[in-house]
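*Asks:* Okay, so here is entry.csv, and as you'll see once you scroll down, it has CSV, C-alpha atoms.
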```csv
chain,number,residue,atom,x,y,z
Q,1,MET,CA,49.4,11.3,-54.1
Q,2,GLY,CA,51.2,8.2,-55.1
Q,3,ARG,CA,51.5,5.6,-57.9
Q,4,GLU,CA,49.0,2.9,-58.1
Q,5,TRP,CA,49.3,0.1,-55.5
Q,6,TYR,CA,47.1,-2.8,-54.7
Q,7,THR,CA,46.8,-5.9,-52.5
Q,8,THR,CA,47.7,-9.3,-53.8
Q,9,SER,CA,45.8,-12.5,-53.0
Q,10,SER,CA,48.4,-13.3,-50.4
Q,11,GLY,CA,47.6,-10.0,-48.6
Q,12,ASN,CA,50.9,-8.3,-49.6
Q,13,LEU,CA,51.1,-4.9,-51.2
Q,14,ALA,CA,52.4,-4.6,-54.7
Q,15,GLY,CA,53.2,-1.6,-56.9
Q,16,TRP,CA,54.9,1.6,-55.9
Q,17,MET,CA,53.6,3.6,-52.9
Q,18,SER,CA,54.8,7.1,-52.1
Q,19,CYS,CA,52.1,8.3,-49.7
Q,20,LEU,CA,49.5,6.7,-47.4
Q,21,VAL,CA,46.7,8.7,-45.7
Q,22,ALA,CA,44.7,6.8,-43.1
Q,23,ASN,CA,41.6,8.9,-43.1
Q,24,ALA,CA,38.8,6.5,-42.2
Q,25,GLY,CA,37.1,7.3,-38.9
Q,26,VAL,CA,33.9,6.9,-36.9
Q,27,TRP,CA,32.6,8.6,-33.8
Q,28,GLY,CA,30.0,8.6,-31.1
Q,29,LEU,CA,29.1,10.9,-28.2
Q,30,SER,CA,28.5,9.4,-24.7
Q,31,PRO,CA,29.9,10.0,-21.2
Q,32,LEU,CA,32.3,7.5,-19.7
Q,33,ILE,CA,29.8,5.8,-17.3
Q,34,SER,CA,27.3,5.0,-20.1
Q,35,THR,CA,29.7,4.1,-22.9
Q,36,GLU,CA,29.0,0.5,-23.9
Q,37,LEU,CA,31.8,-1.9,-24.6
Q,38,ASP,CA,30.5,-2.5,-28.1
Q,39,GLU,CA,30.6,1.2,-28.8
Q,40,TRP,CA,34.1,1.5,-27.5
Q,41,GLU,CA,35.3,-1.4,-29.6
Q,42,ARG,CA,33.5,-0.2,-32.7
Q,43,ILE,CA,35.3,3.2,-32.5
Q,44,MET,CA,38.7,1.8,-31.5
Q,45,ALA,CA,38.6,-0.8,-34.3
Q,46,VAL,CA,38.2,1.7,-37.1
Q,47,ASN,CA,40.1,4.7,-35.7
Q,48,ALA,CA,43.0,3.1,-33.8
Q,49,ARG,CA,43.4,-0.5,-35.2
Q,50,GLY,CA,42.6,0.6,-38.7
Q,51,THR,CA,45.2,3.4,-38.6
Q,52,PHE,CA,47.8,1.0,-37.1
Q,53,LEU,CA,47.3,-1.5,-39.9
Q,54,CYS,CA,47.5,1.2,-42.6
Q,55,TYR,CA,50.7,2.5,-41.1
Q,56,LYS,CA,52.2,-1.0,-40.7
Q,57,TYR,CA,51.7,-2.2,-44.2
Q,58,ALA,CA,52.5,1.1,-45.8
Q,59,ALA,CA,55.8,1.3,-43.9
Q,60,GLN,CA,56.7,-2.2,-44.9
Q,61,GLN,CA,56.1,-1.4,-48.6
Q,62,MET,CA,58.0,1.9,-48.4
Q,63,ILE,CA,61.0,0.4,-46.7
Q,64,LYS,CA,61.0,-2.4,-49.3
Q,65,GLN,CA,61.0,0.2,-52.1
Q,66,GLY,CA,63.8,2.2,-50.5
Q,67,ARG,CA,62.6,5.6,-51.8
Q,68,GLY,CA,61.2,7.1,-48.6
Q,69,GLY,CA,57.6,8.2,-48.4
Q,70,ARG,CA,54.8,10.0,-46.5
Q,71,ILE,CA,52.4,8.5,-44.0
Q,72,MET,CA,49.6,10.4,-42.4
Q,73,GLY,CA,46.7,9.7,-40.0
Q,74,ALA,CA,43.6,11.5,-39.0
Q,75,SER,CA,43.7,12.6,-35.3
Q,76,SER,CA,41.5,15.3,-33.9
Q,77,ILE,CA,41.6,18.3,-31.6
Q,78,VAL,CA,40.1,16.0,-29.0
Q,79,GLY,CA,43.2,13.8,-29.6
Q,80,LYS,CA,45.2,16.7,-28.0
Q,81,LEU,CA,42.8,17.7,-25.2
Q,82,GLY,CA,40.0,15.4,-24.0
Q,83,LYS,CA,36.5,16.8,-23.8
Q,84,PRO,CA,33.3,15.6,-22.2
Q,85,LEU,CA,31.2,13.0,-24.1
Q,86,PHE,CA,34.1,12.1,-26.5
Q,87,THR,CA,35.1,9.1,-24.3
Q,88,ALA,CA,36.0,6.5,-27.0
Q,89,TYR,CA,36.5,8.9,-29.8
Q,90,SER,CA,39.0,11.0,-27.9
Q,91,ALA,CA,40.9,7.9,-26.7
Q,92,SER,CA,41.2,6.6,-30.3
Q,93,LYS,CA,42.5,9.9,-31.5
Q,94,PHE,CA,45.1,10.2,-28.7
Q,95,ALA,CA,46.2,6.7,-29.8
Q,96,ILE,CA,46.8,7.9,-33.3
Q,97,ARG,CA,49.0,10.7,-32.0
Q,98,GLY,CA,51.1,8.2,-30.0
Q,99,LEU,CA,51.3,5.8,-33.0
Q,100,THR,CA,52.4,8.7,-35.3
Q,101,GLN,CA,55.2,9.8,-33.0
Q,102,THR,CA,56.5,6.3,-32.5
Q,103,ALA,CA,56.3,5.5,-36.2
Q,104,ALA,CA,58.1,8.8,-37.1
Q,105,LEU,CA,61.0,7.8,-34.9
Q,106,GLU,CA,61.3,4.3,-36.3
Q,107,LEU,CA,60.8,5.2,-39.9
Q,108,GLY,CA,62.9,8.4,-40.1
Q,109,PRO,CA,66.1,6.5,-41.0
Q,110,TYR,CA,64.2,5.3,-44.1
Q,111,ASN,CA,63.4,8.8,-45.1
Q,112,ILE,CA,59.7,8.2,-44.3
Q,113,THR,CA,57.9,11.0,-42.6
Q,114,VAL,CA,54.8,10.3,-40.4
Q,115,ASN,CA,52.4,13.0,-39.3
Q,116,SER,CA,48.8,13.3,-38.2
Q,117,TYR,CA,46.3,16.1,-38.8
Q,118,ALA,CA,44.1,17.1,-35.9
Q,119,PRO,CA,41.2,19.4,-36.9
Q,120,GLY,CA,38.4,20.8,-34.9
Q,121,PRO,CA,34.8,20.6,-36.1
Q,122,ILE,CA,34.5,20.2,-39.9
Q,123,LYS,CA,31.2,20.2,-41.8
Q,124,THR,CA,30.9,16.6,-43.0
Q,125,PRO,CA,28.1,14.0,-43.1
Q,126,MET,CA,29.6,12.5,-40.0
Q,127,THR,CA,29.2,15.7,-37.9
Q,128,ALA,CA,26.0,16.9,-39.4
Q,129,GLY,CA,23.8,15.2,-36.8
Q,130,LEU,CA,25.5,17.2,-34.0
Q,131,LEU,CA,23.5,20.3,-34.9
Q,132,ASP,CA,19.8,20.7,-35.3
Q,133,THR,CA,18.2,22.9,-38.1
Q,134,ILE,CA,18.8,26.2,-36.3
Q,135,GLY,CA,22.4,25.4,-35.4
Q,136,GLU,CA,21.9,24.4,-31.8
Q,137,PHE,CA,23.6,21.3,-30.4
Q,138,ALA,CA,21.0,18.5,-30.6
Q,139,LYS,CA,23.1,15.7,-29.1
Q,140,ALA,CA,25.1,17.3,-26.4
Q,141,ASP,CA,24.7,18.2,-22.7
Q,142,PRO,CA,24.9,21.8,-21.5
Q,143,GLU,CA,28.6,21.6,-20.8
Q,144,MET,CA,29.4,20.6,-24.4
Q,145,VAL,CA,27.1,23.3,-25.7
Q,146,ASP,CA,28.9,25.9,-23.7
Q,147,LEU,CA,32.3,24.6,-24.8
Q,148,TRP,CA,31.6,24.8,-28.5
Q,149,ARG,CA,29.8,28.2,-28.2
Q,150,SER,CA,32.8,29.6,-26.5
Q,151,ARG,CA,35.0,28.2,-29.3
Q,152,ALA,CA,32.8,29.7,-31.9
Q,153,ALA,CA,32.9,33.1,-30.2
Q,154,THR,CA,36.7,33.2,-30.4
Q,155,LYS,CA,37.1,32.1,-34.1
Q,156,GLY,CA,39.5,34.2,-36.0
Q,157,LEU,CA,38.0,33.1,-39.3
Q,158,LYS,CA,34.3,33.6,-39.4
Q,159,TYR,CA,33.3,30.5,-41.4
Q,160,ASP,CA,33.0,26.8,-40.8
Q,161,GLY,CA,35.7,24.4,-41.7
Q,162,GLN,CA,35.2,22.3,-44.9
Q,163,PRO,CA,36.7,19.1,-46.0
Q,164,GLU,CA,38.7,21.0,-48.6
Q,165,ASP,CA,40.5,22.9,-45.8
Q,166,ILE,CA,41.8,19.6,-44.4
Q,167,ALA,CA,42.7,18.3,-47.9
Q,168,SER,CA,44.9,21.3,-48.4
Q,169,LEU,CA,46.9,20.5,-45.3
Q,170,VAL,CA,47.2,16.9,-46.2
Q,171,SER,CA,48.4,17.8,-49.7
Q,172,TYR,CA,51.1,19.9,-48.2
Q,173,LEU,CA,52.2,17.2,-45.8
Q,174,ALA,CA,52.4,14.8,-48.7
Q,175,SER,CA,54.6,17.2,-50.7
Q,176,LYS,CA,58.3,17.3,-51.1
Q,177,GLU,CA,58.3,20.7,-49.3
Q,178,ALA,CA,57.2,19.0,-46.1
Q,179,HIS,CA,60.3,16.7,-46.0
Q,180,PHE,CA,61.5,18.3,-42.7
Q,181,ILE,CA,58.2,17.8,-40.8
Q,182,THR,CA,57.7,14.5,-39.0
Q,183,GLY,CA,56.1,13.2,-35.8
Q,184,ARG,CA,53.7,16.2,-35.7
Q,185,SER,CA,50.0,16.5,-35.1
Q,186,VAL,CA,49.0,19.6,-37.0
Q,187,SER,CA,45.7,21.3,-36.2
Q,188,PRO,CA,44.0,23.5,-38.8
Q,189,LEU,CA,41.8,25.7,-36.6
Q,190,PRO,CA,40.0,29.0,-37.0
Q,191,PHE,CA,40.6,29.9,-33.4
Q,192,CYS,CA,43.5,30.1,-30.9
Q,193,PHE,CA,44.2,26.8,-29.3
Q,194,LEU,CA,46.9,26.8,-26.7
Q,195,ASN,CA,48.8,23.6,-26.4
Q,196,LYS,CA,51.0,22.9,-23.4
Q,197,PRO,CA,54.7,24.0,-23.9
Q,198,LEU,CA,56.8,21.8,-26.1
Q,199,ASN,CA,59.3,19.8,-24.2
Q,200,TRP,CA,62.6,18.3,-25.4
Q,201,SER,CA,62.8,14.6,-24.7
Q,202,ARG,CA,66.4,13.5,-24.2
Q,203,ASN,CA,65.3,9.9,-24.3
Q,204,PHE,CA,63.6,10.1,-27.6
Q,205,GLY,CA,65.5,12.9,-29.2
Q,206,MET,CA,62.5,14.9,-30.6
Q,207,LEU,CA,60.2,17.7,-29.8
Q,208,HIS,CA,56.8,16.5,-28.8
Q,209,GLU,CA,53.6,18.0,-27.5
Q,210,LEU,CA,52.6,16.7,-24.0
```
Taking this structure as input, can you express it in the form of structure tokens?
*Replies:*
Amino acid sequence: MGREWYTTSSGNLAGWMSCLVANAGVWGLSPLISTELDEWERIMAVNARGTFLCYKYAAQQMIKQGRGGRIMGASSIVGKLGKPLFTAYSASKFAIRGLTQTAALELGPYNITVNSYAPGPIKTPMTAGLLDTIGEFAKADPEMVDLWRSRAATKGLKYDGQPEDIASLVSYLASKEAHFITGRSVSPLPFCFLNKPLNWSRNFGMLHEL
């Protein structure tokens, strides 16, 4: 998605960067009252702090280059609407949405767009342990089971999301055709997910999802 870039011995970026995708992430399932501090910090360190650092240094390099660019981060559907058991994970993904909106406003004058992608369940090694061999939820309480079963019943597309489905969205957001999209959290989903209405913020001058 961009020309080669690398980190010098001084910690600075060198080369030409046109696009940065902060995709690294970890997760864990536990209710609020039993989430350990170590688990909270582990998830926040990778998901929130890691994305912040990627955004920061990519932005510095792109501003220095003066050619604009694309920055993207991995949020989640639970970064738009919190759900039981996703205590630390949901908080980290909400953080990415807020960071993305702030960065989009600050970096827009430099022709740098900043967006996040917020998918629902995607079949990856990270989510494989959520289901047992017959497709039942092996690591969730009854409320979570009911939630995802109800979602599955309303899917418009009758197949499970694959990493390639997310890659297609990211490729579009990285393209020149997406130059008029910034500050958004885009959800590729096979079912209807109703967000709260979009509000116009006079203070910040942009449409945003509450």
*Asks:* Would you please work out which residue, of Q:Ala59, Q:Ala95, Q:Leu81, Q:Met44, is nearest to Pro109 of chain Q when using only C-alpha atoms?
*Replies:*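 For Pro109 of chain Q, the nearest of the candidates is Q:Ala59.
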*Asks:* Show me as a ChimeraX atom specification the residues that reach within 8 Å of (48.5, 2.9, -38.9), counting only C-alpha atoms and using the file's own coordinates.
*Replies:* /Q:22,48-56,73,96,99-100
*Asks:* For the atom pair atom CA of Glu106 of chain Q and atom CA of Gly25 of chain Q, what is the interatomic distance in Å to one decimal place?
*Replies:*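 Going from atom CA of Glu106 of chain Q over to atom CA of Gly25 of chain Q covers 24.5 Å.
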*Asks:* As number ranges by chain, please: the residues near Ala104 of chain Q (cut-off 8 Å, all atoms listed in the file, same-chain neighbours under 5 positions excluded).
*Replies:* Q: 112-115, 182-183
*Asks:* Counting only C-alpha atoms, which of Q:Val21, Q:Val26, Q:Ala91, Q:Val46 gets nearest to Tyr117 of chain Q?
*Replies:*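 Smallest separation from Tyr117 of chain Q among the options: Q:Val21.
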*Asks:* Kindly give the distance, in Å, that separates atom CA of Arg184 of chain Q and atom CA of Gly120 of chain Q, rounded to a single decimal.
*Replies:*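 The value is 16.0 Å.
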*Asks:* What is the atom CA of Ala74 of chain Q to atom CA of Phe94 of chain Q distance in Å?
*Replies:*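 That distance, rounded to one decimal, is 10.5 Å.
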